[in-house]
Amino acid sequence: MSEETFEDEIPAEAGEAERLVGRLREWLKPRCGSVDRFAVELLCREAVENAVRHGCRSDPTKRVRLSVELRGEVVACAVEDEGEGYVPSIKGALFDLRHEEGGLGLAIISHYADRVSLEEGGRIIRFERRMTGGIGR
């Protein structure tokens with residue numbers, strides 16, 4: 001793992017997502033300002049919690065992996081789970097705040113990220129966000 005990459009994984013059980021985000025927060029502190037750190041934490045928390053609850057159905061025998069890479073002014077994130085995947089039943093529903101297929105996690109991610117994609121039948125979500133440089137470290 002390079003200095004500019006954070007990688008970690010957790011069992012898919014309640015409470016583990018917040019502990020993972022806490023470790024990410026500590027890694028981010030010397031690398032970006034508070035505004036960017038908040039945005040990255042929010043994005044990763046939503047994605048990891050979705051993977052735990054919906055992807056793995058809170059099965060502690062399954063794993064959820066988070067990877068965060070700083071690429072200059074862009075932060076690239078990926079969350080992968082061992083669940084069955086997710087494909088929205090209505091085209092465009094994935095990122096629609098008004099759609100009621102599930103919670104707001106994916107809609108929040110699409111709002112705060114500059115790019116979002118699902119891969120491997122929905123078992124991997126990738127998203128990127130340009131850093132603003134807001135408010136010091």
# chains A, B, ... in the order shown; residues from 1 in each chain; ligands from 1
>>> residues_around(residues="Ala113 in chain A", least_positions_apart="4", cutoff="6 Å", atoms="only C-alpha atoms", output="ChimeraX atom specification")
/A:109,128-129
>>> write_last_selection(atoms="N, CA and C atoms", output="PDB file, in the first residue's frame")
ATOM      1  N   ILE A 109     -24.422   9.519  -2.601  1.00  0.00           N
ATOM      2  CA  ILE A 109     -23.134   9.322  -3.272  1.00  0.00           C
ATOM      3  C   ILE A 109     -23.129  10.016  -4.624  1.00  0.00           C
ATOM      4  N   GLU A 128     -15.540   9.037  -7.671  1.00  0.00           N
ATOM      5  CA  GLU A 128     -14.455  10.003  -7.616  1.00  0.00           C
ATOM      6  C   GLU A 128     -15.013  11.357  -7.227  1.00  0.00           C
ATOM      7  N   ARG A 129     -14.164  12.140  -6.566  1.00  0.00           N
ATOM      8  CA  ARG A 129     -14.525  13.498  -6.208  1.00  0.00           C
ATOM      9  C   ARG A 129     -13.275  14.372  -6.304  1.00  0.00           C
TER      10      ARG A 129
END
>>> select_by_dssp(residues="chain A", states="alpha helix (DSSP H)", output="PyMOL selection string")
chain A and resi 16-28+34-50+105-112
>>> closest_residue(among="A:Leu104, A:Ile124, A:Val40, A:Ala47", to="Ala76 in chain A", atoms="only C-alpha atoms")
A:Val40
>>> residues_around(residues="range 19-23 of chain A", least_positions_apart="5", cutoff="12 Å", atoms="only C-alpha atoms", output="NGL selection string")
:A and (6-14 or 28-29 or 37-49 or 52 or 64-68 or 79)
>>> select_by_dssp(residues="chain A", states="strand (DSSP E or B)", output="PyMOL selection string")
chain A and resi 5-11+63-71+74-81+115-119+124-130
